[in-house]
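So this block is input06.cif, mmCIF, C-alpha atoms:
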data_coords
#
loop_
_atom_site.label_atom_id
_atom_site.label_comp_id
_atom_site.auth_asym_id
_atom_site.auth_seq_id
_atom_site.Cartn_x
_atom_site.Cartn_y
_atom_site.Cartn_z
CA MET K 1 24.73 3.67 5.58
CA ALA K 2 20.98 3.84 5.06
CA HIS K 3 18.71 3.87 8.07
CA VAL K 4 17.04 0.68 9.27
CA VAL K 5 13.29 0.23 8.93
CA ASP K 6 12.47 -0.79 12.48
CA GLY K 7 8.70 -0.65 12.53
CA GLY K 8 8.71 1.83 15.39
CA SER K 9 5.67 3.91 16.15
CA GLY K 10 6.94 7.06 14.42
CA PRO K 11 4.67 10.08 14.05
CA SER K 12 1.02 9.88 15.03
CA ALA K 13 -0.15 10.85 11.53
CA ALA K 14 -1.69 8.15 9.31
CA ASP K 15 -3.03 6.16 12.25
CA VAL K 16 -3.72 2.56 11.29
CA GLU K 17 -7.39 1.70 10.81
CA LEU K 18 -8.39 -1.83 11.77
CA SER K 19 -10.84 -3.74 9.61
CA ALA K 20 -14.28 -4.25 11.11
CA ALA K 21 -14.03 -7.96 10.33
CA ASP K 22 -11.50 -10.35 11.84
CA TYR K 23 -10.24 -12.64 9.07
CA THR K 24 -8.31 -15.12 11.23
CA GLU K 25 -10.69 -18.00 10.53
CA ARG K 26 -10.53 -17.37 6.79
CA THR K 27 -6.74 -17.12 6.94
CA HIS K 28 -6.45 -20.57 8.47
CA ALA K 29 -8.94 -22.06 6.01
CA VAL K 30 -6.99 -20.67 3.06
CA LEU K 31 -3.65 -21.76 4.51
CA ALA K 32 -5.02 -25.29 4.99
CA ALA K 33 -6.19 -25.36 1.38
CA MET K 34 -2.78 -24.13 0.21
CA ALA K 35 -0.96 -26.73 2.31
CA ALA K 36 -3.15 -29.45 0.83
CA GLY K 37 -2.07 -28.23 -2.60
CA GLY K 38 1.61 -28.30 -1.67
CA GLY K 39 2.08 -24.66 -0.69
CA THR K 40 4.15 -24.57 2.48
CA GLY K 41 6.30 -21.45 2.28
CA ARG K 42 9.49 -23.47 2.07
CA ARG K 43 12.48 -22.19 0.17
CA PRO K 44 12.30 -23.52 -3.43
CA ALA K 45 15.27 -25.17 -5.07
CA ASP K 46 15.26 -22.61 -7.88
CA ALA K 47 13.08 -20.18 -9.83
CA ALA K 48 11.76 -22.94 -12.09
CA GLU K 49 10.36 -24.82 -9.10
CA ALA K 50 8.80 -21.63 -7.71
CA ARG K 51 7.15 -20.83 -11.03
CA ALA K 52 5.80 -24.36 -11.41
CA ASP K 53 3.94 -24.06 -8.09
CA ARG K 54 0.28 -23.34 -8.88
CA THR K 55 -0.84 -23.00 -5.25
CA VAL K 56 -1.14 -19.22 -5.23
CA PRO K 57 -2.78 -18.81 -8.68
CA ALA K 58 -5.34 -21.40 -7.58
CA LEU K 59 -6.60 -18.95 -4.96
CA ALA K 60 -8.17 -16.74 -7.59
CA GLY K 61 -11.76 -17.25 -8.66
CA PRO K 62 -13.32 -16.79 -12.09
CA ALA K 63 -12.99 -13.39 -13.72
CA PRO K 64 -16.16 -11.29 -14.04
CA ASP K 65 -17.47 -10.95 -17.58
CA THR K 66 -18.01 -7.21 -17.21
CA VAL K 67 -14.44 -6.35 -18.27
CA ALA K 68 -12.91 -6.33 -21.75
CA VAL K 69 -9.29 -7.55 -21.78
CA THR K 70 -6.82 -6.72 -24.54
CA PRO K 71 -3.04 -7.03 -24.92
CA ALA K 72 -0.72 -4.11 -25.64
CA THR K 73 2.99 -3.62 -26.23
CA VAL K 74 5.05 -0.54 -25.35
CA PRO K 75 8.76 0.27 -25.59
CA GLY K 76 10.88 -0.87 -22.66
CA PRO K 77 14.48 -0.39 -21.56
CA ALA K 78 15.49 -3.87 -22.75
CA GLY K 79 12.95 -4.42 -25.52
CA PRO K 80 9.16 -4.33 -25.85
CA LEU K 81 7.08 -4.61 -22.68
CA THR K 82 3.86 -6.61 -22.71
CA LEU K 83 0.84 -5.09 -21.01
CA ARG K 84 -2.65 -6.40 -20.39
CA VAL K 85 -5.40 -3.79 -20.42
CA TYR K 86 -8.64 -4.29 -18.45
CA ARG K 87 -11.50 -1.98 -19.52
CA PRO K 88 -14.70 -2.16 -17.45
CA ARG K 89 -17.66 -2.03 -19.81
CA HIS K 90 -19.52 0.45 -17.58
CA ALA K 91 -16.60 2.93 -17.32
CA ARG K 92 -16.62 6.29 -19.03
CA THR K 93 -14.24 6.82 -21.97
CA PRO K 94 -11.83 8.37 -21.51
CA GLY K 95 -11.74 7.49 -17.83
CA ALA K 96 -9.38 7.11 -14.94
CA GLY K 97 -6.50 4.64 -15.23
CA LEU K 98 -4.47 2.46 -12.90
CA VAL K 99 -1.08 0.95 -13.79
CA TYR K 100 -0.85 -2.33 -11.84
CA LEU K 101 2.34 -4.16 -10.83
CA HIS K 102 1.81 -7.74 -9.72
CA GLY K 103 3.28 -9.44 -6.67
CA GLY K 104 5.37 -12.59 -6.60
CA GLY K 105 8.59 -11.78 -4.79
CA PHE K 106 10.08 -10.29 -7.98
CA VAL K 107 10.52 -13.93 -9.13
CA VAL K 108 7.09 -15.34 -10.01
CA GLY K 109 3.81 -14.01 -11.34
CA GLY K 110 2.80 -12.31 -14.57
CA PRO K 111 -0.21 -11.67 -16.77
CA ASP K 112 -2.04 -14.78 -15.59
CA SER K 113 -1.32 -14.85 -11.86
CA HIS K 114 -3.57 -11.87 -11.02
CA HIS K 115 -5.99 -12.03 -13.94
CA GLY K 116 -9.21 -12.67 -12.00
CA ALA K 117 -8.34 -10.16 -9.29
CA LEU K 118 -7.52 -7.45 -11.84
CA CYS K 119 -10.78 -8.01 -13.68
CA ALA K 120 -12.57 -7.60 -10.36
CA LEU K 121 -10.49 -4.52 -9.48
CA ALA K 122 -11.29 -2.83 -12.79
CA ASP K 123 -14.96 -3.64 -12.34
CA ALA K 124 -15.05 -2.42 -8.72
CA THR K 125 -13.27 0.89 -9.36
CA ALA K 126 -14.43 1.69 -12.93
CA HIS K 127 -10.75 2.25 -13.77
CA VAL K 128 -8.89 1.08 -16.85
CA VAL K 129 -6.30 -1.22 -15.29
CA VAL K 130 -3.01 -1.64 -17.16
CA ALA K 131 -1.05 -4.65 -15.89
CA VAL K 132 2.70 -4.71 -16.58
CA ASP K 133 4.59 -7.91 -17.38
CA TYR K 134 7.95 -6.73 -16.00
CA ARG K 135 11.18 -8.74 -16.09
CA LEU K 136 11.70 -11.22 -13.27
CA ALA K 137 14.67 -12.20 -11.12
CA PRO K 138 17.00 -14.03 -10.81
CA GLU K 139 17.50 -13.87 -14.57
CA HIS K 140 16.93 -10.12 -14.39
CA PRO K 141 17.88 -8.83 -10.94
CA PHE K 142 17.46 -5.27 -9.64
CA PRO K 143 17.05 -2.77 -11.23
CA ALA K 144 15.38 -4.52 -14.19
CA ALA K 145 11.89 -4.68 -12.66
CA VAL K 146 12.11 -1.05 -11.53
CA GLU K 147 13.21 0.11 -14.97
CA ASP K 148 10.34 -1.77 -16.63
CA ALA K 149 7.77 -0.47 -14.13
CA GLU K 150 8.93 3.11 -14.56
CA ALA K 151 9.08 2.87 -18.36
CA ALA K 152 5.60 1.36 -18.64
CA THR K 153 4.06 3.93 -16.29
CA ARG K 154 5.73 6.85 -18.06
CA HIS K 155 4.52 5.56 -21.43
CA VAL K 156 0.92 5.23 -20.28
CA ALA K 157 1.11 8.70 -18.71
CA ALA K 158 2.48 10.16 -21.95
CA HIS K 159 -0.04 8.36 -24.20
CA PRO K 160 -3.22 8.09 -22.10
CA GLY K 161 -5.53 8.27 -25.08
CA ASP K 162 -4.08 5.03 -26.45
CA PHE K 163 -5.51 3.26 -23.39
CA GLY K 164 -8.80 5.13 -23.07
CA ILE K 165 -7.45 7.05 -20.07
CA ASP K 166 -8.00 10.73 -19.39
CA ALA K 167 -4.80 12.74 -19.00
CA GLY K 168 -4.08 13.60 -15.37
CA ARG K 169 -6.17 10.75 -14.01
CA LEU K 170 -3.57 8.00 -13.85
CA SER K 171 -2.63 6.18 -10.64
CA VAL K 172 -0.28 3.31 -9.79
CA ALA K 173 -0.93 0.21 -7.69
CA GLY K 174 0.63 -3.09 -6.76
CA ASP K 175 0.70 -5.84 -4.20
CA SER K 176 3.66 -7.32 -2.30
CA ALA K 177 6.71 -6.99 -4.59
CA GLY K 178 4.48 -5.07 -6.98
CA ALA K 179 3.64 -2.64 -4.17
CA THR K 180 7.38 -2.16 -3.68
CA LEU K 181 7.67 -1.27 -7.36
CA ALA K 182 4.59 0.97 -7.21
CA ALA K 183 6.11 2.89 -4.29
CA VAL K 184 9.35 3.34 -6.23
CA VAL K 185 7.44 4.49 -9.32
CA ALA K 186 5.52 6.98 -7.17
CA GLN K 187 8.81 8.34 -5.83
CA SER K 188 10.34 8.66 -9.29
CA SER K 189 7.18 10.29 -10.69
CA ARG K 190 7.91 13.58 -8.92
CA THR K 191 8.97 16.60 -10.93
CA ARG K 192 9.25 20.11 -9.50
CA GLY K 193 7.85 18.92 -6.19
CA ALA K 194 4.72 17.29 -7.59
CA SER K 195 3.80 13.95 -9.16
CA TYR K 196 2.20 13.19 -12.51
CA LEU K 197 0.35 10.36 -10.74
CA ALA K 198 -2.99 10.98 -9.05
CA HIS K 199 -2.73 8.22 -6.40
CA GLN K 200 -0.71 5.21 -5.25
CA VAL K 201 -2.20 1.99 -3.87
CA LEU K 202 0.17 -0.25 -1.92
CA ILE K 203 -1.25 -3.64 -0.90
CA THR K 204 0.90 -5.55 1.64
CA PRO K 205 4.10 -3.76 0.54
CA LEU K 206 7.67 -4.86 1.20
CA THR K 207 9.71 -1.70 1.80
CA ALA K 208 13.23 -2.88 2.71
CA PHE K 209 15.57 -5.87 2.71
CA PRO K 210 17.92 -7.26 5.37
CA PRO K 211 20.09 -5.88 6.90
CA TYR K 212 18.08 -2.65 6.54
CA VAL K 213 14.86 -3.95 8.07
CA ASP K 214 14.29 -5.26 11.59
CA THR K 215 10.66 -5.35 12.65
CA ALA K 216 8.66 -7.24 15.24
CA SER K 217 6.25 -8.55 12.59
CA ARG K 218 9.10 -10.03 10.54
CA ARG K 219 10.43 -11.77 13.65
CA GLU K 220 7.14 -12.91 15.17
CA LEU K 221 5.37 -13.99 11.96
CA ALA K 222 8.32 -15.65 10.23
CA GLN K 223 6.67 -19.08 10.34
CA GLY K 224 3.21 -20.47 9.76
CA TYR K 225 1.69 -17.91 7.36
CA TYR K 226 3.09 -19.01 3.98
CA LEU K 227 5.25 -15.90 3.46
CA THR K 228 7.94 -17.25 5.76
CA GLY K 229 11.26 -15.73 6.74
CA GLU K 230 13.13 -18.23 4.60
CA LEU K 231 10.97 -17.42 1.57
CA LEU K 232 11.53 -13.69 2.08
CA ASP K 233 15.28 -14.31 2.30
CA TRP K 234 15.21 -16.32 -0.94
CA TYR K 235 13.31 -13.62 -2.79
CA ALA K 236 15.85 -11.05 -1.58
CA GLU K 237 18.76 -13.20 -2.75
CA CYS K 238 17.16 -13.52 -6.19
CA TYR K 239 16.19 -9.88 -6.65
CA VAL K 240 19.03 -8.01 -4.92
CA PRO K 241 21.97 -10.46 -4.89
CA ASP K 242 24.44 -7.59 -4.55
CA ALA K 243 24.35 -6.53 -0.90
CA ALA K 244 25.24 -2.96 -1.89
CA ASP K 245 21.95 -2.64 -3.78
CA ARG K 246 19.88 -3.37 -0.67
CA GLY K 247 20.51 0.12 0.63
CA ASP K 248 19.29 1.73 -2.60
CA PRO K 249 15.83 3.37 -2.22
CA ARG K 250 14.99 2.28 -5.78
CA ALA K 251 15.12 -1.28 -4.44
CA ALA K 252 13.81 -0.46 -0.98
CA PRO K 253 11.46 2.55 -0.99
CA GLY K 254 11.26 2.56 2.80
CA LEU K 255 14.84 3.82 2.87
CA ALA K 256 14.07 7.00 0.92
CA THR K 257 14.80 10.12 2.94
CA ASP K 258 12.60 12.60 1.05
CA LEU K 259 8.95 11.65 0.63
CA ARG K 260 7.62 15.14 0.00
CA GLY K 261 5.43 15.65 -3.06
CA LEU K 262 4.32 12.04 -3.38
CA PRO K 263 0.80 11.35 -4.68
CA PRO K 264 -1.88 10.51 -2.11
CA ALA K 265 -1.49 6.94 -0.85
CA THR K 266 -3.63 4.04 0.26
CA VAL K 267 -1.71 1.38 2.18
CA ILE K 268 -3.29 -1.98 3.05
CA THR K 269 -1.59 -4.44 5.41
CA GLY K 270 -2.44 -7.80 6.98
CA GLY K 271 -2.40 -8.46 10.69
CA LEU K 272 -0.71 -11.85 10.18
CA ASP K 273 1.67 -10.63 7.48
CA PRO K 274 5.36 -10.37 8.43
CA LEU K 275 5.51 -7.21 6.29
CA HIS K 276 2.82 -5.24 8.12
CA ASP K 277 5.16 -3.28 10.39
CA GLU K 278 7.26 -1.92 7.53
CA GLY K 279 4.22 -1.12 5.39
CA GLU K 280 2.63 0.85 8.22
CA ARG K 281 5.92 2.57 9.04
CA TYR K 282 6.19 3.69 5.41
CA ALA K 283 2.63 5.06 5.61
CA ARG K 284 3.55 7.05 8.74
CA ASP K 285 6.73 8.35 7.10
CA MET K 286 4.75 9.55 4.08
CA ALA K 287 2.17 11.22 6.31
CA ALA K 288 4.94 12.97 8.25
CA ALA K 289 6.18 14.34 4.91
CA GLY K 290 2.77 15.86 4.21
CA VAL K 291 1.37 13.12 1.96
CA ASP K 292 -2.36 12.33 2.18
CA VAL K 293 -2.25 8.76 3.48
CA ARG K 294 -4.84 6.26 4.62
CA VAL K 295 -3.70 2.91 6.00
CA ARG K 296 -5.84 -0.06 6.95
CA ARG K 297 -4.79 -3.34 8.55
CA LEU K 298 -6.96 -6.37 7.79
CA ARG K 299 -7.20 -8.07 11.18
CA GLY K 300 -6.21 -11.73 11.09
CA ALA K 301 -5.29 -11.64 7.40
CA PHE K 302 -2.15 -13.28 6.08
CA HIS K 303 -0.16 -11.81 3.20
CA LEU K 304 -2.16 -13.30 0.32
CA LEU K 305 -5.66 -13.50 1.80
CA TRP K 306 -7.06 -10.68 -0.36
CA LEU K 307 -6.24 -12.73 -3.50
CA ALA K 308 -8.30 -15.72 -2.33
CA THR K 309 -11.43 -14.80 -4.29
CA ALA K 310 -13.26 -18.08 -3.72
CA LEU K 311 -12.31 -18.73 -0.09
CA ALA K 312 -12.15 -15.17 1.26
CA PRO K 313 -14.38 -12.96 -0.89
CA ALA K 314 -15.10 -10.59 2.01
CA ALA K 315 -11.41 -9.72 2.39
CA GLN K 316 -11.07 -8.93 -1.30
CA ALA K 317 -14.31 -6.96 -1.25
CA GLU K 318 -13.01 -4.84 1.66
CA VAL K 319 -9.75 -4.12 -0.16
CA PHE K 320 -11.51 -3.12 -3.37
CA SER K 321 -14.10 -1.06 -1.51
CA LEU K 322 -11.39 0.97 0.21
CA VAL K 323 -9.45 1.39 -3.03
CA ASP K 324 -12.61 2.50 -4.83
CA GLU K 325 -13.37 5.02 -2.05
CA ARG K 326 -9.85 6.46 -2.21
CA LEU K 327 -9.81 6.59 -6.00
CA ALA K 328 -13.21 8.27 -6.18
CA ALA K 329 -11.56 11.67 -6.34
CA VAL K 330 -9.64 10.51 -9.41
CA SER K 331 -12.70 9.05 -11.10
#
Now, as a test, write the supplied structure out as structure tokens.
Amino acid sequence: MAHVVDGGSGPSAADVELSAADYTERTHAVLAAMAAGGGTGRRPADAAEARADRTVPALAGPAPDTVAVTPATVPGPAGPLTLRVYRPRHARTPGAGLVYLHGGGFVVGGPDSHHGALCALADATAHVVVAVDYRLAPEHPFPAAVEDAEAATRHVAAHPGDFGIDAGRLSVAGDSAGATLAAVVAQSSRTRGASYLAHQVLITPLTAFPPYVDTASRRELAQGYYLTGELLDWYAECYVPDAADRGDPRAAPGLATDLRGLPPATVITGGLDPLHDEGERYARDMAAAGVDVRVRRLRGAFHLLWLATALAPAAQAEVFSLVDERLAAVS
């Protein structure tokens, strides 16, 4: 049986940095705006209802006009995969690249849900950002999303010139469920003890599923901050309906026992996010395995605050500033 992610203190390496700002006031303002729009964190009746909810996409602001956006298609394990490529106009060509995997509980989200944020990310980091439209559950449960994420990342790594990316300067990133996938891709990217990826960025990652996770943050923050315990349970039921799969590190990267040779990592958590304990535990586990890790907790931030461009621009700016600083060595 796989170990349980318990959120314990673990090794002292990769100490958690706390944001200078306290975002509690912004968190409550954004949550109030979401509640007014119908976003409550309740369990949806089905995937169609979840995908019809526009509360989260409404958090994003307008996209900056400093980024050129083009579609692309690459081979996938179950047919062609659609990508969206964000090229900052001020970036060098070829330049550094970042494969991005969107959040949404493995059930919702896609090319449009993170569009504004990805434009801003490309602009802030001068990276070519390649967003992957991976298959969603429950129609395509685990391991479909993992297979798509791995296939897309490998293709970009093998054909960097097609995307204006310099070979050897490709990283992977994601938020929430996308951070889970990014962590899995980083693990699978290792060959002969090293990774073909230059960096991994994990924003508010989920690293395990019940019964393999038992953390104080999941218990204490299960209500009131949109990403509720019942919503987390529903996402798990959709993505990993077979209980046997929940112990598989390709579904739950926090259960992996060998983290040596992973690319350097930046982990960002929220102080009011039920997932912050497991994200920080994963950062400590990577650091204990010799990985260069930096982890920052946004004080008073709920799970989605960094996406709220219009209502919480400072939180997003802090996230992108840290990511840009960490990716500077790649650029």
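The coordinates place atom CA of Thr180 of chain K at 9.1 Å from atom CA of Arg250 of chain K.
Closest approach to Pro64 of chain K among K:Ala124, K:Ala314, K:Ala244, K:Ala301 is made by K:Ala124 (distances from all atoms listed in the file).
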Polymer residues at most 12 Å from Gly79 of chain K, only C-alpha atoms, same-chain spacing of 4 or more positions, as a ChimeraX atom specification: /K:73-75,134-135,144,147-148,151-152
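Counting all atoms listed in the file and comparing K:Tyr100, K:Phe142, K:Tyr86, K:Phe163, the residue that lies closest to Asp123 of chain K is K:Tyr86.
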Within 10 Å of Ser189 of chain K, counting all atoms listed in the file, which residues qualify if same-chain residues fewer than 4 places away don't, as a count of residues only? 14
Could you state which residues are captured by the PyMOL selection byres ((chain K and resi 203) around 12) in this file, as a ChimeraX atom specification? /K:100-103,172-183,200-202,204-207,265-270,273,275-276,279-280,283,294-298,302-307,316,319-320,322-323
Chain and number of each residue from the PyMOL selection byres ((chain K and resi 106-111) around 9), as number ranges by chain: K: 47, 50-51, 57, 82-84, 101-105, 112-115, 131-139, 141, 145, 177-178, 235-236, 238-239
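One finds atom CA of Ala289 of chain K at 20.5 Å from atom CA of Val213 of chain K.
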Would you kindly return, as number ranges by chain, each protein, DNA or RNA residue with an atom no farther than 10 Å from any atom of Ala58 of chain K, considering only C-alpha atoms and excluding same-chain residues fewer than 5 positions away? K: 33-34, 37, 53, 113, 307-310
Would you save the residues of that selection, restricted to C-alpha atoms, as a PDB file, in the frame of the given file?
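Output contents, as saved in selection-v1.pdb:
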ATOM      1  CA  ALA K  33      -6.190 -25.360   1.380  1.00  0.00           C
ATOM      2  CA  MET K  34      -2.780 -24.130   0.210  1.00  0.00           C
ATOM      3  CA  GLY K  37      -2.070 -28.230  -2.600  1.00  0.00           C
ATOM      4  CA  ASP K  53       3.940 -24.060  -8.090  1.00  0.00           C
ATOM      5  CA  SER K 113      -1.320 -14.850 -11.860  1.00  0.00           C
ATOM      6  CA  LEU K 307      -6.240 -12.730  -3.500  1.00  0.00           C
ATOM      7  CA  ALA K 308      -8.300 -15.720  -2.330  1.00  0.00           C
ATOM      8  CA  THR K 309     -11.430 -14.800  -4.290  1.00  0.00           C
ATOM      9  CA  ALA K 310     -13.260 -18.080  -3.720  1.00  0.00           C
TER      10      ALA K 310
END
What is the distance, in Å and to one decimal place, between atom CA of Pro94 of chain K and atom CA of Asp162 of chain K?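 Calculated distance between atom CA of Pro94 of chain K and atom CA of Asp162 of chain K is 9.8 Å.
The residue that comes closest to Asp65 of chain K, out of K:Val293, K:Leu81, K:Ile165, K:Ala120 and on the basis of only C-alpha atoms, is K:Ala120.
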Using the incomplete input, complete segment 46-71 of chain K to the level of N, CA and C atoms; output as a PDB file, keeping the file's coordinate frame.
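File produced: rebuild36.pdb:
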ATOM      1  N   ASP K  46      14.876 -23.603  -6.884  1.00  0.00           N
ATOM      2  CA  ASP K  46      15.260 -22.610  -7.880  1.00  0.00           C
ATOM      3  C   ASP K  46      14.011 -21.910  -8.390  1.00  0.00           C
ATOM      4  N   ALA K  47      14.207 -20.952  -9.300  1.00  0.00           N
ATOM      5  CA  ALA K  47      13.080 -20.180  -9.830  1.00  0.00           C
ATOM      6  C   ALA K  47      12.116 -21.065 -10.610  1.00  0.00           C
ATOM      7  N   ALA K  48      12.635 -22.064 -11.308  1.00  0.00           N
ATOM      8  CA  ALA K  48      11.760 -22.940 -12.090  1.00  0.00           C
ATOM      9  C   ALA K  48      10.782 -23.669 -11.175  1.00  0.00           C
ATOM     10  N   GLU K  49      11.262 -24.139 -10.038  1.00  0.00           N
ATOM     11  CA  GLU K  49      10.360 -24.820  -9.100  1.00  0.00           C
ATOM     12  C   GLU K  49       9.316 -23.847  -8.556  1.00  0.00           C
ATOM     13  N   ALA K  50       9.741 -22.627  -8.235  1.00  0.00           N
ATOM     14  CA  ALA K  50       8.800 -21.630  -7.710  1.00  0.00           C
ATOM     15  C   ALA K  50       7.721 -21.314  -8.742  1.00  0.00           C
ATOM     16  N   ARG K  51       8.113 -21.197 -10.006  1.00  0.00           N
ATOM     17  CA  ARG K  51       7.150 -20.830 -11.030  1.00  0.00           C
ATOM     18  C   ARG K  51       6.221 -21.982 -11.410  1.00  0.00           C
ATOM     19  N   ALA K  52       6.641 -23.196 -11.120  1.00  0.00           N
ATOM     20  CA  ALA K  52       5.800 -24.360 -11.410  1.00  0.00           C
ATOM     21  C   ALA K  52       4.727 -24.569 -10.340  1.00  0.00           C
ATOM     22  N   ASP K  53       4.888 -23.924  -9.191  1.00  0.00           N
ATOM     23  CA  ASP K  53       3.940 -24.060  -8.090  1.00  0.00           C
ATOM     24  C   ASP K  53       2.666 -23.285  -8.422  1.00  0.00           C
ATOM     25  N   ARG K  54       1.549 -23.975  -8.515  1.00  0.00           N
ATOM     26  CA  ARG K  54       0.280 -23.340  -8.880  1.00  0.00           C
ATOM     27  C   ARG K  54      -0.601 -23.062  -7.658  1.00  0.00           C
ATOM     28  N   THR K  55      -0.044 -23.168  -6.459  1.00  0.00           N
ATOM     29  CA  THR K  55      -0.840 -23.000  -5.250  1.00  0.00           C
ATOM     30  C   THR K  55      -1.452 -21.609  -5.154  1.00  0.00           C
ATOM     31  N   VAL K  56      -0.635 -20.586  -5.360  1.00  0.00           N
ATOM     32  CA  VAL K  56      -1.140 -19.220  -5.230  1.00  0.00           C
ATOM     33  C   VAL K  56      -2.110 -18.856  -6.347  1.00  0.00           C
ATOM     34  N   PRO K  57      -1.792 -19.123  -7.629  1.00  0.00           N
ATOM     35  CA  PRO K  57      -2.780 -18.810  -8.680  1.00  0.00           C
ATOM     36  C   PRO K  57      -4.110 -19.506  -8.474  1.00  0.00           C
ATOM     37  N   ALA K  58      -4.091 -20.669  -7.810  1.00  0.00           N
ATOM     38  CA  ALA K  58      -5.340 -21.400  -7.580  1.00  0.00           C
ATOM     39  C   ALA K  58      -6.268 -20.689  -6.609  1.00  0.00           C
ATOM     40  N   LEU K  59      -5.751 -19.695  -5.886  1.00  0.00           N
ATOM     41  CA  LEU K  59      -6.600 -18.950  -4.960  1.00  0.00           C
ATOM     42  C   LEU K  59      -7.628 -18.097  -5.672  1.00  0.00           C
ATOM     43  N   ALA K  60      -7.305 -17.676  -6.877  1.00  0.00           N
ATOM     44  CA  ALA K  60      -8.170 -16.740  -7.590  1.00  0.00           C
ATOM     45  C   ALA K  60      -9.413 -17.452  -8.105  1.00  0.00           C
ATOM     46  N   GLY K  61     -10.509 -16.727  -8.119  1.00  0.00           N
ATOM     47  CA  GLY K  61     -11.760 -17.250  -8.660  1.00  0.00           C
ATOM     48  C   GLY K  61     -11.930 -16.854 -10.107  1.00  0.00           C
ATOM     49  N   PRO K  62     -13.077 -17.156 -10.687  1.00  0.00           N
ATOM     50  CA  PRO K  62     -13.320 -16.790 -12.090  1.00  0.00           C
ATOM     51  C   PRO K  62     -13.391 -15.284 -12.259  1.00  0.00           C
ATOM     52  N   ALA K  63     -12.978 -14.829 -13.434  1.00  0.00           N
ATOM     53  CA  ALA K  63     -12.990 -13.390 -13.720  1.00  0.00           C
ATOM     54  C   ALA K  63     -14.410 -12.963 -14.087  1.00  0.00           C
ATOM     55  N   PRO K  64     -14.841 -11.781 -13.628  1.00  0.00           N
ATOM     56  CA  PRO K  64     -16.160 -11.290 -14.040  1.00  0.00           C
ATOM     57  C   PRO K  64     -16.192 -11.004 -15.535  1.00  0.00           C
ATOM     58  N   ASP K  65     -17.357 -11.147 -16.130  1.00  0.00           N
ATOM     59  CA  ASP K  65     -17.470 -10.950 -17.580  1.00  0.00           C
ATOM     60  C   ASP K  65     -17.849  -9.516 -17.932  1.00  0.00           C
ATOM     61  N   THR K  66     -17.655  -8.609 -16.983  1.00  0.00           N
ATOM     62  CA  THR K  66     -18.010  -7.210 -17.210  1.00  0.00           C
ATOM     63  C   THR K  66     -16.799  -6.376 -17.626  1.00  0.00           C
ATOM     64  N   VAL K  67     -15.685  -7.040 -17.936  1.00  0.00           N
ATOM     65  CA  VAL K  67     -14.440  -6.350 -18.270  1.00  0.00           C
ATOM     66  C   VAL K  67     -13.921  -6.876 -19.602  1.00  0.00           C
ATOM     67  N   ALA K  68     -13.536  -5.954 -20.474  1.00  0.00           N
ATOM     68  CA  ALA K  68     -12.910  -6.330 -21.750  1.00  0.00           C
ATOM     69  C   ALA K  68     -11.395  -6.330 -21.554  1.00  0.00           C
ATOM     70  N   VAL K  69     -10.731  -7.383 -21.997  1.00  0.00           N
ATOM     71  CA  VAL K  69      -9.290  -7.550 -21.780  1.00  0.00           C
ATOM     72  C   VAL K  69      -8.578  -7.608 -23.123  1.00  0.00           C
ATOM     73  N   THR K  70      -7.575  -6.751 -23.293  1.00  0.00           N
ATOM     74  CA  THR K  70      -6.820  -6.720 -24.540  1.00  0.00           C
ATOM     75  C   THR K  70      -5.331  -6.610 -24.236  1.00  0.00           C
ATOM     76  N   PRO K  71      -4.483  -7.168 -25.105  1.00  0.00           N
ATOM     77  CA  PRO K  71      -3.040  -7.030 -24.920  1.00  0.00           C
ATOM     78  C   PRO K  71      -2.539  -5.721 -25.525  1.00  0.00           C
TER      79      PRO K  71
END
